[in-house]
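Asker: work.cif (mmCIF, C-alpha atoms and all ligand atoms) pasted underneath:
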```
data_target
loop_
_atom_site.label_atom_id
_atom_site.label_comp_id
_atom_site.auth_asym_id
_atom_site.auth_seq_id
_atom_site.Cartn_x
_atom_site.Cartn_y
_atom_site.Cartn_z
CA MET A 1 15.81 1.56 -1.67
CA THR A 2 16.87 -0.76 -4.44
CA ILE A 3 15.12 -3.49 -6.33
CA ARG A 4 16.99 -6.74 -5.95
CA LEU A 5 18.07 -7.42 -9.47
CA THR A 6 19.47 -10.85 -8.68
CA ALA A 7 16.01 -12.29 -8.19
CA ILE A 8 14.83 -10.71 -11.42
CA ALA A 9 17.87 -12.01 -13.34
CA ARG A 10 17.23 -15.50 -11.98
CA MET A 11 13.63 -15.33 -13.09
CA PHE A 12 14.49 -14.44 -16.66
CA ALA A 13 17.53 -16.64 -17.19
CA GLY A 14 15.41 -19.32 -18.90
CA ALA A 15 13.50 -16.89 -21.07
CA ALA A 16 16.68 -15.30 -22.40
CA THR A 17 18.02 -18.68 -23.56
CA ILE A 18 14.83 -19.51 -25.40
CA ALA A 19 14.67 -16.09 -27.07
CA GLY A 20 18.34 -16.31 -28.04
CA ALA A 21 17.72 -19.58 -29.87
CA THR A 22 14.93 -18.08 -31.94
CA ALA A 23 15.46 -16.15 -35.15
CA LEU A 24 12.37 -14.12 -34.30
CA ALA A 25 14.20 -12.62 -31.36
CA ALA A 26 16.22 -10.53 -33.77
CA LEU A 27 13.14 -8.80 -35.18
CA PRO A 28 12.18 -5.43 -33.68
CA ALA A 29 9.32 -5.83 -31.23
CA ALA A 30 5.97 -4.34 -32.20
CA ALA A 31 4.78 -1.46 -30.01
CA GLN A 32 2.80 -2.76 -27.07
CA SER A 33 0.45 -1.19 -24.59
CA TRP A 34 -0.19 -2.29 -21.03
CA ASP A 35 -3.13 -1.42 -18.81
CA MET A 36 -2.35 -0.75 -15.15
CA PRO A 37 -5.35 -0.71 -12.78
CA VAL A 38 -4.77 1.10 -9.46
CA PRO A 39 -7.22 1.65 -6.58
CA TYR A 40 -6.63 5.29 -5.65
CA GLY A 41 -7.65 8.55 -7.31
CA ASP A 42 -5.69 10.55 -9.84
CA ASN A 43 -4.78 13.24 -7.28
CA ASN A 44 -3.06 10.73 -4.99
CA PHE A 45 0.74 10.67 -4.70
CA HIS A 46 0.91 6.91 -5.44
CA THR A 47 -1.08 7.38 -8.65
CA LEU A 48 1.08 10.34 -9.72
CA ASN A 49 4.13 8.16 -9.11
CA HIS A 50 2.69 5.43 -11.39
CA VAL A 51 2.08 7.99 -14.12
CA ALA A 52 5.74 9.09 -13.87
CA PHE A 53 6.75 5.40 -13.98
CA ALA A 54 4.72 4.93 -17.17
CA GLU A 55 6.32 8.03 -18.70
CA ASP A 56 9.80 6.73 -17.84
CA VAL A 57 9.05 3.39 -19.51
CA ALA A 58 7.64 5.04 -22.63
CA GLU A 59 10.68 7.27 -22.89
CA ALA A 60 13.26 4.56 -22.22
CA THR A 61 11.68 2.23 -24.78
CA GLY A 62 11.15 4.93 -27.40
CA GLY A 63 7.41 4.24 -27.26
CA ALA A 64 7.78 0.46 -27.72
CA LEU A 65 5.82 -0.03 -24.48
CA THR A 66 3.19 2.40 -23.27
CA ILE A 67 1.53 1.86 -19.90
CA THR A 68 -1.90 3.37 -19.20
CA VAL A 69 -2.69 3.95 -15.52
CA HIS A 70 -6.40 3.46 -14.68
CA PRO A 71 -7.02 5.25 -11.34
CA ALA A 72 -9.70 4.89 -8.65
CA GLY A 73 -10.64 1.29 -9.39
CA SER A 74 -11.98 2.33 -12.80
CA LEU A 75 -10.70 -0.75 -14.68
CA PHE A 76 -10.80 -3.28 -11.82
CA LYS A 77 -12.08 -2.63 -8.32
CA HIS A 78 -9.47 -2.77 -5.59
CA PRO A 79 -10.36 -6.28 -4.33
CA GLU A 80 -10.09 -7.65 -7.89
CA ILE A 81 -6.75 -6.14 -8.94
CA LYS A 82 -4.41 -8.84 -7.62
CA ASN A 83 -6.33 -11.65 -9.32
CA ALA A 84 -6.61 -9.64 -12.54
CA VAL A 85 -2.79 -9.49 -12.70
CA ARG A 86 -2.38 -13.10 -11.58
CA SER A 87 -4.73 -14.41 -14.26
CA GLY A 88 -3.09 -12.23 -16.92
CA GLN A 89 -6.20 -10.11 -17.60
CA VAL A 90 -3.83 -7.18 -17.06
CA PRO A 91 -0.01 -7.40 -16.93
CA VAL A 92 0.53 -5.00 -14.03
CA GLY A 93 -1.43 -3.44 -11.16
CA GLU A 94 -1.32 -1.95 -7.68
CA PHE A 95 -3.04 -2.83 -4.41
CA LEU A 96 -2.66 -2.38 -0.66
CA LEU A 97 -0.41 -5.26 0.40
CA SER A 98 -2.16 -5.84 3.75
CA ARG A 99 -5.42 -6.56 1.93
CA LEU A 100 -3.96 -10.03 1.30
CA SER A 101 -3.86 -10.82 5.04
CA ASN A 102 -6.31 -13.70 4.71
CA GLU A 103 -3.82 -15.43 2.37
CA ASN A 104 -0.82 -15.08 4.67
CA ALA A 105 -0.26 -13.08 7.87
CA LEU A 106 3.09 -11.83 6.56
CA TYR A 107 1.28 -9.59 4.09
CA GLU A 108 -0.20 -7.76 7.07
CA LEU A 109 2.99 -7.10 9.00
CA ASP A 110 3.11 -3.44 7.96
CA SER A 111 -0.35 -2.89 9.47
CA VAL A 112 0.46 -4.14 12.96
CA PRO A 113 0.01 -1.00 15.11
CA PHE A 114 3.11 0.67 16.59
CA LEU A 115 5.60 -1.79 15.10
CA ALA A 116 7.12 0.51 12.45
CA THR A 117 6.05 4.15 12.67
CA SER A 118 8.96 6.03 11.05
CA TYR A 119 10.28 5.86 7.50
CA ASP A 120 13.54 4.28 8.68
CA ALA A 121 11.66 1.60 10.58
CA ALA A 122 9.31 1.04 7.64
CA GLU A 123 12.30 0.59 5.34
CA LYS A 124 13.84 -1.97 7.66
CA LEU A 125 10.53 -3.78 8.00
CA TRP A 126 10.29 -3.97 4.20
CA GLU A 127 13.86 -5.21 3.89
CA VAL A 128 13.36 -8.05 6.36
CA SER A 129 9.92 -9.09 5.10
CA ARG A 130 10.48 -8.67 1.37
CA PRO A 131 12.22 -12.01 0.60
CA LYS A 132 9.35 -14.05 2.02
CA ILE A 133 6.69 -11.83 0.43
CA GLU A 134 8.52 -12.04 -2.87
CA GLU A 135 8.56 -15.84 -2.62
CA LEU A 136 4.83 -15.99 -1.84
CA LEU A 137 3.95 -13.75 -4.79
CA GLU A 138 6.32 -15.53 -7.18
CA ALA A 139 4.57 -18.79 -6.38
CA GLU A 140 1.48 -17.12 -7.87
CA GLY A 141 3.28 -15.94 -10.99
CA LEU A 142 3.72 -12.37 -9.76
CA THR A 143 6.85 -10.29 -9.35
CA ILE A 144 7.27 -7.13 -7.29
CA LEU A 145 8.07 -3.96 -9.25
CA TYR A 146 7.95 -1.49 -6.34
CA ALA A 147 6.35 -0.88 -2.95
CA VAL A 148 5.71 2.49 -1.33
CA PRO A 149 4.34 3.24 2.14
CA TRP A 150 1.52 5.62 2.99
CA PRO A 151 2.34 8.36 5.49
CA PRO A 152 1.83 7.33 9.15
CA GLN A 153 -1.78 6.60 10.01
CA GLY A 154 -3.76 8.97 12.24
CA LEU A 155 -7.25 9.08 13.71
CA TYR A 156 -10.06 11.15 12.16
CA ALA A 157 -13.44 11.74 13.77
CA ASP A 158 -16.48 13.98 13.59
CA ARG A 159 -15.99 14.72 17.30
CA ALA A 160 -13.21 15.37 19.80
CA VAL A 161 -11.60 12.12 21.03
CA ASP A 162 -9.95 12.53 24.43
CA ASP A 163 -9.45 8.98 25.64
CA GLY A 164 -10.97 6.76 22.95
CA SER A 165 -14.22 6.06 24.80
CA GLU A 166 -15.92 8.64 22.55
CA LEU A 167 -15.61 6.11 19.71
CA ALA A 168 -17.75 3.47 21.42
CA GLY A 169 -20.54 2.65 18.99
CA ALA A 170 -19.14 4.96 16.28
CA LYS A 171 -19.33 3.73 12.69
CA PHE A 172 -15.67 3.29 11.86
CA ARG A 173 -14.41 3.13 8.30
CA ALA A 174 -11.94 0.25 7.70
CA TYR A 175 -9.74 -0.51 4.66
CA ASN A 176 -8.33 -3.94 5.59
CA THR A 177 -8.77 -6.67 8.20
CA ALA A 178 -6.38 -4.94 10.61
CA THR A 179 -8.35 -1.69 10.67
CA GLU A 180 -11.55 -3.70 11.13
CA ARG A 181 -10.02 -5.42 14.13
CA LEU A 182 -8.77 -2.12 15.54
CA ALA A 183 -12.24 -0.61 15.25
CA THR A 184 -13.76 -3.57 17.08
CA LEU A 185 -11.17 -3.35 19.86
CA MET A 186 -12.02 0.37 20.22
CA ASP A 187 -15.69 -0.72 20.71
CA ALA A 188 -16.61 0.90 17.39
CA VAL A 189 -18.46 -0.74 14.49
CA PRO A 190 -16.24 -1.36 11.43
CA THR A 191 -17.39 -0.90 7.84
CA GLN A 192 -15.14 -1.46 4.80
CA VAL A 193 -15.19 1.51 2.43
CA GLU A 194 -12.84 2.05 -0.53
CA VAL A 195 -11.29 5.50 -0.91
CA PRO A 196 -13.30 6.41 -4.06
CA ASP A 197 -16.50 5.86 -1.99
CA LEU A 198 -15.27 7.63 1.11
CA ALA A 199 -16.75 11.11 0.68
CA GLN A 200 -20.18 9.65 0.03
CA ALA A 201 -19.97 7.26 2.99
CA PHE A 202 -19.17 10.14 5.32
CA SER A 203 -21.66 12.61 3.89
CA THR A 204 -24.51 10.10 4.13
CA GLY A 205 -23.58 9.19 7.72
CA ARG A 206 -22.56 5.58 6.95
CA VAL A 207 -19.33 6.25 8.85
CA ASN A 208 -18.10 8.91 11.27
CA ALA A 209 -14.49 8.02 12.10
CA MET A 210 -11.47 6.38 10.45
CA ILE A 211 -7.74 5.79 10.68
CA THR A 212 -5.81 6.69 7.57
CA SER A 213 -3.01 8.97 6.31
CA PRO A 214 -3.05 12.76 6.04
CA SER A 215 -2.87 12.10 2.27
CA THR A 216 -6.12 10.20 2.07
CA GLY A 217 -7.80 12.70 4.40
CA ALA A 218 -6.69 15.62 2.25
CA ASN A 219 -7.33 13.86 -1.09
CA THR A 220 -10.93 13.16 -0.02
CA LYS A 221 -11.50 16.60 1.57
CA ALA A 222 -12.05 15.23 5.05
CA TRP A 223 -12.81 18.79 6.23
CA ASP A 224 -16.17 18.60 4.48
CA TYR A 225 -17.42 15.99 6.98
CA LEU A 226 -14.92 15.53 9.83
CA SER A 227 -13.66 17.91 12.51
CA HIS A 228 -10.71 16.29 14.32
CA TYR A 229 -7.43 14.66 13.31
CA TYR A 230 -5.07 13.02 15.84
CA ASP A 231 -1.53 12.46 14.60
CA ALA A 232 -1.26 9.00 16.20
CA ARG A 233 1.40 7.60 13.78
CA GLY A 234 0.11 4.07 14.20
CA TRP A 235 1.69 2.25 11.24
CA MET A 236 2.61 2.77 7.57
CA PRO A 237 0.85 0.33 5.24
CA LYS A 238 2.35 -0.16 1.80
CA ASN A 239 0.97 -0.20 -1.69
CA ILE A 240 2.64 -2.73 -3.92
CA VAL A 241 2.92 -2.82 -7.70
CA VAL A 242 3.20 -6.31 -9.15
CA ALA A 243 3.62 -7.59 -12.69
CA ASN A 244 2.59 -10.89 -14.20
CA ILE A 245 5.82 -12.85 -14.77
CA ARG A 246 4.59 -14.39 -18.05
CA ALA A 247 3.73 -10.92 -19.39
CA LEU A 248 7.20 -9.66 -18.47
CA ARG A 249 8.83 -12.66 -20.12
CA SER A 250 6.95 -11.96 -23.34
CA LEU A 251 8.81 -8.65 -23.70
CA ASP A 252 12.26 -8.30 -25.24
CA GLU A 253 15.16 -7.87 -22.87
CA ASP A 254 15.64 -4.13 -23.46
CA THR A 255 12.02 -3.40 -22.65
CA ARG A 256 12.18 -5.56 -19.53
CA ASN A 257 15.31 -3.76 -18.39
CA ALA A 258 13.59 -0.41 -18.99
CA ILE A 259 10.70 -1.53 -16.76
CA MET A 260 13.00 -2.68 -13.97
CA ALA A 261 15.02 0.57 -14.07
CA ALA A 262 11.84 2.67 -14.06
CA ALA A 263 10.50 0.57 -11.16
CA GLU A 264 13.61 1.20 -9.12
CA ALA A 265 13.30 4.95 -9.74
CA ALA A 266 9.57 4.82 -8.87
CA GLN A 267 10.33 3.13 -5.57
CA SER A 268 12.82 5.85 -4.50
CA ARG A 269 10.59 8.66 -5.79
CA GLY A 270 7.55 7.18 -4.05
CA TRP A 271 9.21 6.95 -0.63
CA GLU A 272 10.37 10.57 -0.93
CA ALA A 273 6.91 11.71 -2.02
CA SER A 274 5.38 9.87 0.95
CA LYS A 275 7.70 11.67 3.37
CA ALA A 276 6.89 15.05 1.85
CA GLU A 277 3.14 14.29 2.02
CA THR A 278 3.31 13.61 5.74
CA THR A 279 4.07 17.26 6.37
CA SER A 280 2.26 18.95 3.51
CA LYS A 281 -1.02 17.06 3.83
CA THR A 282 -1.15 17.37 7.64
CA GLN A 283 -0.80 21.12 7.05
CA ALA A 284 -3.57 20.99 4.43
CA LEU A 285 -5.91 19.42 7.00
CA ALA A 286 -5.22 22.28 9.45
CA ASP A 287 -5.46 24.95 6.73
CA ASN A 288 -8.90 23.69 5.82
CA GLY A 289 -10.26 23.89 9.33
CA ILE A 290 -9.67 20.45 10.84
CA THR A 291 -8.47 20.51 14.45
CA VAL A 292 -5.06 18.79 14.18
CA ALA A 293 -3.67 17.57 17.51
CA GLN A 294 -1.41 15.05 19.14
CA PRO A 295 -3.33 12.23 20.86
CA SER A 296 -3.71 12.73 24.62
CA ALA A 297 -1.77 10.39 26.92
CA ALA A 298 -5.02 8.51 27.59
CA LEU A 299 -5.81 8.07 23.88
CA LYS A 300 -2.26 6.99 23.20
CA ALA A 301 -2.44 4.43 26.00
CA LYS A 302 -5.72 3.09 24.61
CA LEU A 303 -4.33 2.78 21.07
CA GLU A 304 -1.19 1.11 22.39
CA GLU A 305 -3.26 -1.37 24.37
CA VAL A 306 -5.20 -2.22 21.22
CA GLY A 307 -1.90 -2.43 19.32
CA ALA A 308 -0.46 -4.89 21.85
CA THR A 309 -3.49 -7.15 21.46
CA MET A 310 -3.19 -7.01 17.69
CA SER A 311 0.56 -7.75 17.78
CA ALA A 312 -0.05 -10.84 19.88
CA GLU A 313 -2.84 -11.97 17.54
CA TRP A 314 -0.61 -11.39 14.51
CA LEU A 315 2.22 -13.47 15.99
CA GLU A 316 -0.14 -16.29 16.71
CA ARG A 317 -1.35 -16.34 13.11
CA ALA A 318 2.08 -15.81 11.55
CA GLY A 319 3.74 -18.61 13.56
CA ALA A 320 7.46 -19.42 13.45
CA GLU A 321 7.92 -17.78 10.06
CA GLY A 322 6.49 -14.51 11.33
CA GLU A 323 8.52 -14.72 14.50
CA ALA A 324 11.73 -15.07 12.48
CA VAL A 325 10.90 -11.96 10.42
CA LEU A 326 10.09 -10.02 13.59
CA GLU A 327 13.35 -11.10 15.17
CA ALA A 328 15.26 -9.88 12.13
CA PHE A 329 13.39 -6.56 12.39
CA ASN A 330 14.21 -6.15 16.07
CA SER A 331 17.86 -7.14 15.75
CA GLY A 332 20.75 -4.76 15.17
CA SER A 333 18.95 -1.44 15.59
N1 LIG B 401 -4.89 5.38 2.59
C1 LIG B 401 -5.53 4.18 2.15
C2 LIG B 401 -4.79 3.06 2.81
C3 LIG B 401 -3.94 3.69 3.85
C4 LIG B 401 -4.00 5.14 3.57
O1 LIG B 401 -3.33 6.01 4.13
C5 LIG B 401 -6.97 4.14 2.57
O2 LIG B 401 -7.39 4.96 3.38
O3 LIG B 401 -7.70 3.25 2.11
#
```
What does this structure look like when you write it as structure tokens?

Answerer:
Amino acid sequence: MTIRLTAIARMFAGAATIAGATALAALPAAAQSWDMPVPYGDNNFHTLNHVAFAEDVAEATGGALTITVHPAGSLFKHPEIKNAVRSGQVPVGEFLLSRLSNENALYELDSVPFLATSYDAAEKLWEVSRPKIEELLEAEGLTILYAVPWPPQGLYADRAVDDGSELAGAKFRAYNTATERLATLMDAVPTQVEVPDLAQAFSTGRVNAMITSPSTGANTKAWDYLSHYYDARGWMPKNIVVANIRALRSLDEDTRNAIMAAAEAAQSRGWEASKAETTSKTQALADNGITVAQPSAALKAKLEEVGATMSAEWLERAGAEGEAVLEAFNSGS
């Protein structure tokens, strides 16, 4: 996975000219510090990847730029992070890309069930959808630093689920519009809960089922309140790290280059970490007493039926633009 440097170079062409014409540009830049709000906890592989990114930047710039990662929505809550970066309250931040689905259906493509369920497919999906997503974010003054998928999404419940009917009426934890819709189509009742609030929501009975990764299940000790995990491999939603373009432009060129190089490394490291988590965290669920199983043929059929409905609904919302991206995804493989 590589960051497309051409787009970045284009973005900064103007800034370089202005800086070059200024005597001040020759002065050494004062040390700067950036705050980076992220939604997930400090034991999560995405968060650990951001910490390594920050370390890389500090090292490459000789301490000229230090980035402080604020985990678990501690600086800004998840729903506020994108706007905090857009408005310049913070220069950089992370969020789940598909949370922006109400702004444009393309943001939600990675959460359409059974479209891309392997890392290779997820990579291709990102390649074909990235240019449009980049354009949409740039129009808001944001640039993409890196994007990393969660491991494939599986079904957790406090009961055995043999054909899906067991979930009728269950309180189903959702993390975006797509998981809300999925819950409704499974005849369950969706409730949005952020990961930092998950353990409490389960232990107080606010929810009793969810679809998420083995990582999130293990990070939140799902074995304390859930009994079954079905490795359904439904989709692989991505977290995205964006920076405010004005904030990037305010840095000298060396510092900017250090950020872009560290971002490229973070993207590769993140995808590898995600792959490793798929195995290690599924094992952790089993080791801690969760019944880990493949979905039955009936459950699979039910999930696929729900997925087909959601794909059709997505296409309708995404229109010709979405269709073109989907065609590119389906071609040549
Ligand atoms: N974990 C996040 C998003 C997808 C995932 O695997 C969550 O459960 O909110």

Asker: When the cut-off is 7 Å and you count only C-alpha atoms and all ligand atoms, which residues lie near ligand LIG 401 (chain B), shown as a PyMOL selection string?

Answerer: chain A and resi 96+150-151+153+175+194-195+212-213+215-216+237

Asker: Convert the current residue selection to file output with C-alpha atoms, as a PDB file, keeping the file's coordinate frame.

Answerer:
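Now in result.pdb:
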```pdb
ATOM      1  CA  LEU A  96      -2.660  -2.380  -0.660  1.00  0.00           C
ATOM      2  CA  TRP A 150       1.520   5.620   2.990  1.00  0.00           C
ATOM      3  CA  PRO A 151       2.340   8.360   5.490  1.00  0.00           C
ATOM      4  CA  GLN A 153      -1.780   6.600  10.010  1.00  0.00           C
ATOM      5  CA  TYR A 175      -9.740  -0.510   4.660  1.00  0.00           C
ATOM      6  CA  GLU A 194     -12.840   2.050  -0.530  1.00  0.00           C
ATOM      7  CA  VAL A 195     -11.290   5.500  -0.910  1.00  0.00           C
ATOM      8  CA  THR A 212      -5.810   6.690   7.570  1.00  0.00           C
ATOM      9  CA  SER A 213      -3.010   8.970   6.310  1.00  0.00           C
ATOM     10  CA  SER A 215      -2.870  12.100   2.270  1.00  0.00           C
ATOM     11  CA  THR A 216      -6.120  10.200   2.070  1.00  0.00           C
ATOM     12  CA  PRO A 237       0.850   0.330   5.240  1.00  0.00           C
TER      13      PRO A 237
END
```

Asker: Report, in Å with one decimal, the straight-line distance from atom CA of Val38 of chain A to atom CA of Val69 of chain A.

Answerer: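 Computed distance, atom CA of Val38 of chain A to atom CA of Val69 of chain A, equals 7.0 Å.
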
Asker: Return the single residue from A:Val207, A:Ala116, A:Val148, A:Arg159 that is closest to Ala273 of chain A, with distances computed using only C-alpha atoms.

Answerer: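 Answer, going by the shortest atom-to-atom distance: A:Val148.
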
Asker: If you count all atoms listed in the file, which residues fall within 10 Å of segment 227-232 of chain A, apart from same-chain ones fewer than 4 positions away, as number ranges by chain?

Answerer: A: 114, 117, 152-162, 209-214, 217, 222-223, 282, 285-286, 289-296, 299-300, 303

Asker: Give as a PDB file with C-alpha atoms, in the frame of the given file the set of residues within 10 Å of the point (-11.2, -5.1, -2.9), where distances use the file's coordinates and all atoms listed in the file.

Answerer:
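In the end it all went to point.pdb:
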```
ATOM      1  CA  PRO A  39      -7.220   1.650  -6.580  1.00  0.00           C
ATOM      2  CA  GLY A  73     -10.640   1.290  -9.390  1.00  0.00           C
ATOM      3  CA  PHE A  76     -10.800  -3.280 -11.820  1.00  0.00           C
ATOM      4  CA  LYS A  77     -12.080  -2.630  -8.320  1.00  0.00           C
ATOM      5  CA  HIS A  78      -9.470  -2.770  -5.590  1.00  0.00           C
ATOM      6  CA  PRO A  79     -10.360  -6.280  -4.330  1.00  0.00           C
ATOM      7  CA  GLU A  80     -10.090  -7.650  -7.890  1.00  0.00           C
ATOM      8  CA  ILE A  81      -6.750  -6.140  -8.940  1.00  0.00           C
ATOM      9  CA  LYS A  82      -4.410  -8.840  -7.620  1.00  0.00           C
ATOM     10  CA  PHE A  95      -3.040  -2.830  -4.410  1.00  0.00           C
ATOM     11  CA  LEU A  96      -2.660  -2.380  -0.660  1.00  0.00           C
ATOM     12  CA  ARG A  99      -5.420  -6.560   1.930  1.00  0.00           C
ATOM     13  CA  LEU A 100      -3.960 -10.030   1.300  1.00  0.00           C
ATOM     14  CA  TYR A 175      -9.740  -0.510   4.660  1.00  0.00           C
ATOM     15  CA  ASN A 176      -8.330  -3.940   5.590  1.00  0.00           C
ATOM     16  CA  GLN A 192     -15.140  -1.460   4.800  1.00  0.00           C
ATOM     17  CA  VAL A 193     -15.190   1.510   2.430  1.00  0.00           C
ATOM     18  CA  GLU A 194     -12.840   2.050  -0.530  1.00  0.00           C
TER      19      GLU A 194
END
```

Asker: With distances taken over all atoms listed in the file, which of A:Leu109, A:Ser165, A:Ala201, A:Gln283 is nearest to Glu313 of chain A?

Answerer: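 When distances to Glu313 of chain A are compared using all atoms listed in the file, the smallest one comes from A:Leu109.
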
Asker: With a distance cut-off of 7 Å and all atoms listed in the file, select the neighbouring residues of Lys124 of chain A, excluding the residue or stretch itself and same-chain residues fewer than 4 positions from it, and output the selection as a PyMOL selection string.

Answerer: chain A and resi 120+128+329

Asker: Please produce an output containing C-alpha atoms for each residue in the selection, written as a CSV table (one decimal), in the coordinates of the input.

Answerer:
```csv
chain,number,residue,atom,x,y,z
A,120,ASP,CA,13.5,4.3,8.7
A,128,VAL,CA,13.4,-8.0,6.4
A,329,PHE,CA,13.4,-6.6,12.4
```

Asker: Could you check how far atom CA of Ala170 of chain A sits from atom CA of Thr204 of chain A, in Å to one decimal?

Answerer: 14.2 Å

Asker: For a test of reading the model, state the distance in Å between atom CA of Ala188 of chain A and atom CA of Gly41 of chain A, rounded to one decimal.

Answerer: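 Between atom CA of Ala188 of chain A and atom CA of Gly41 of chain A the gap is 27.4 Å.
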
Asker: Which of these, A:Thr255, A:Asn244, A:Ser74, A:Ser101, has the shortest distance to Arg86 of chain A once you count only C-alpha atoms?

Answerer: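 Using only C-alpha atoms, Arg86 of chain A sits closest to A:Asn244.
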
Asker: Please determine, counting all atoms listed in the file, which residue among A:Gly307, A:Lys171, A:Phe53, A:Ala31 has the shortest atom-to-atom distance to Gly270 of chain A.

Answerer: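 Closest candidate: A:Phe53.
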
Asker: Would you please work out which residue, of A:Ala178, A:Ala218, A:Ile144, A:Asp56, is nearest to Asp287 of chain A when using all atoms listed in the file?

Answerer: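 Closest to Asp287 of chain A of all the choices is A:Ala218.
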